[in-house]
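Structure first, commentary second.
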Amino acid sequence: MEPMTDDSPPADGEDADTGDLTHTTDDGDVQMVDVGDKPDSERRAVAAGEIRLQESTVEAIREDEIGKGDVLATARIGAIQAVKHTWETIPMCHQIPITNVDTEFSVAEDRVELAVAVETTGKTGCEMEALEGVTTGLNVVWDMVKALEKDESGQYPETGIERVRVLEKEKHRG
């Protein structure tokens, strides 16, 4: 897919001038952006992030030695479920038809990286869904390995979810 070039002004809810608060009325009340008049477009967003872990924990993930089960398979399911339910957890997100979700894990020496690509055909973007997939997928990793990550006082001094960001966002005329 080639990125769309669109010189037209942004529609409500899209990257309009930063002074425009599209989720509030003139009186300051919260509202959902009306996207009803926007044409459907093919859209794609990719988000990524990582969880920093002890090297011994990463090795246990690689060797499938985590007592709770297959960490990456479980995290993949969690990420996909989160993408599908984003509209239920982010108050002003529209429910959108998800057409595809791809997850890609990369296991490094001291971290697990996750990229989530989301595709839809609709009136609004899917970057929030991609971000939700990344954060939930990484939270699932943490949940699955927390027994190995805790120190003697029950804390997580080396564990952290970091660098969560949108890598790309595309919109193509349908």
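Here's how to read the names in the structure tokens: chain A, B, ... by the order shown, residue numbers from 1 in each chain, ligand numbers from 1 in the order shown.
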
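By chain and then residue number, the residues within 8 Å of Ala79 of chain A are Thr103, Val116, Glu132, Gly133, Val134, Thr135, Thr136 and Gly137 of chain A, counting only C-alpha atoms and disregarding those fewer than 5 positions away in sequence.
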
Using only C-alpha atoms, what table do you get, as CSV, when you list each residue of segment 111-144 of chain A with an atom no more than 8 Å from segment 64-76 of chain A, its nearest pair of atoms, and their distance in Å rounded to one decimal, rows by chain then rising number?
```
residue,atom,partner,partner_atom,distance
A:Thr136,CA,A:Ala75,CA,7.7
A:Gly137,CA,A:Ala75,CA,4.6
A:Leu138,CA,A:Ala75,CA,6.9
A:Asn139,CA,A:Ala75,CA,8.0
A:Val140,CA,A:Ala75,CA,5.2
A:Val141,CA,A:Ala75,CA,5.9
A:Met144,CA,A:Lys68,CA,6.1
```

| task | Quote the spacing between atom CA of Ala115 of chain A and atom CA of Ala130 of chain A in Å to one decimal place. | result |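 A separation of 8.4 Å between them.
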
| said: Would you pick out the contacts of Lys146 of chain A at 10 Å or less, using only C-alpha atoms, so that residues sharing its chain but fewer than 3 positions from it are not included, and give the list as a list in words? | reply: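 Once the adjacent positions are removed, what remains is Leu53, Thr57, Val140, Val141, Trp142, Asp143, Glu149, Lys150, Asp151, Gly154, Gln155, Tyr156 and Thr159 of chain A.
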
| What does the distance from atom CA of Ile61 of chain A to atom CA of His85 of chain A come to in Å, to one decimal? |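 Those two atoms sit 26.9 Å apart.
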
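With only C-alpha atoms as the atoms that count, the minimum distance from Ile161 of chain A to the choices A:Asp26, A:Glu127, A:Glu113, A:Asp40 is reached by A:Glu113.
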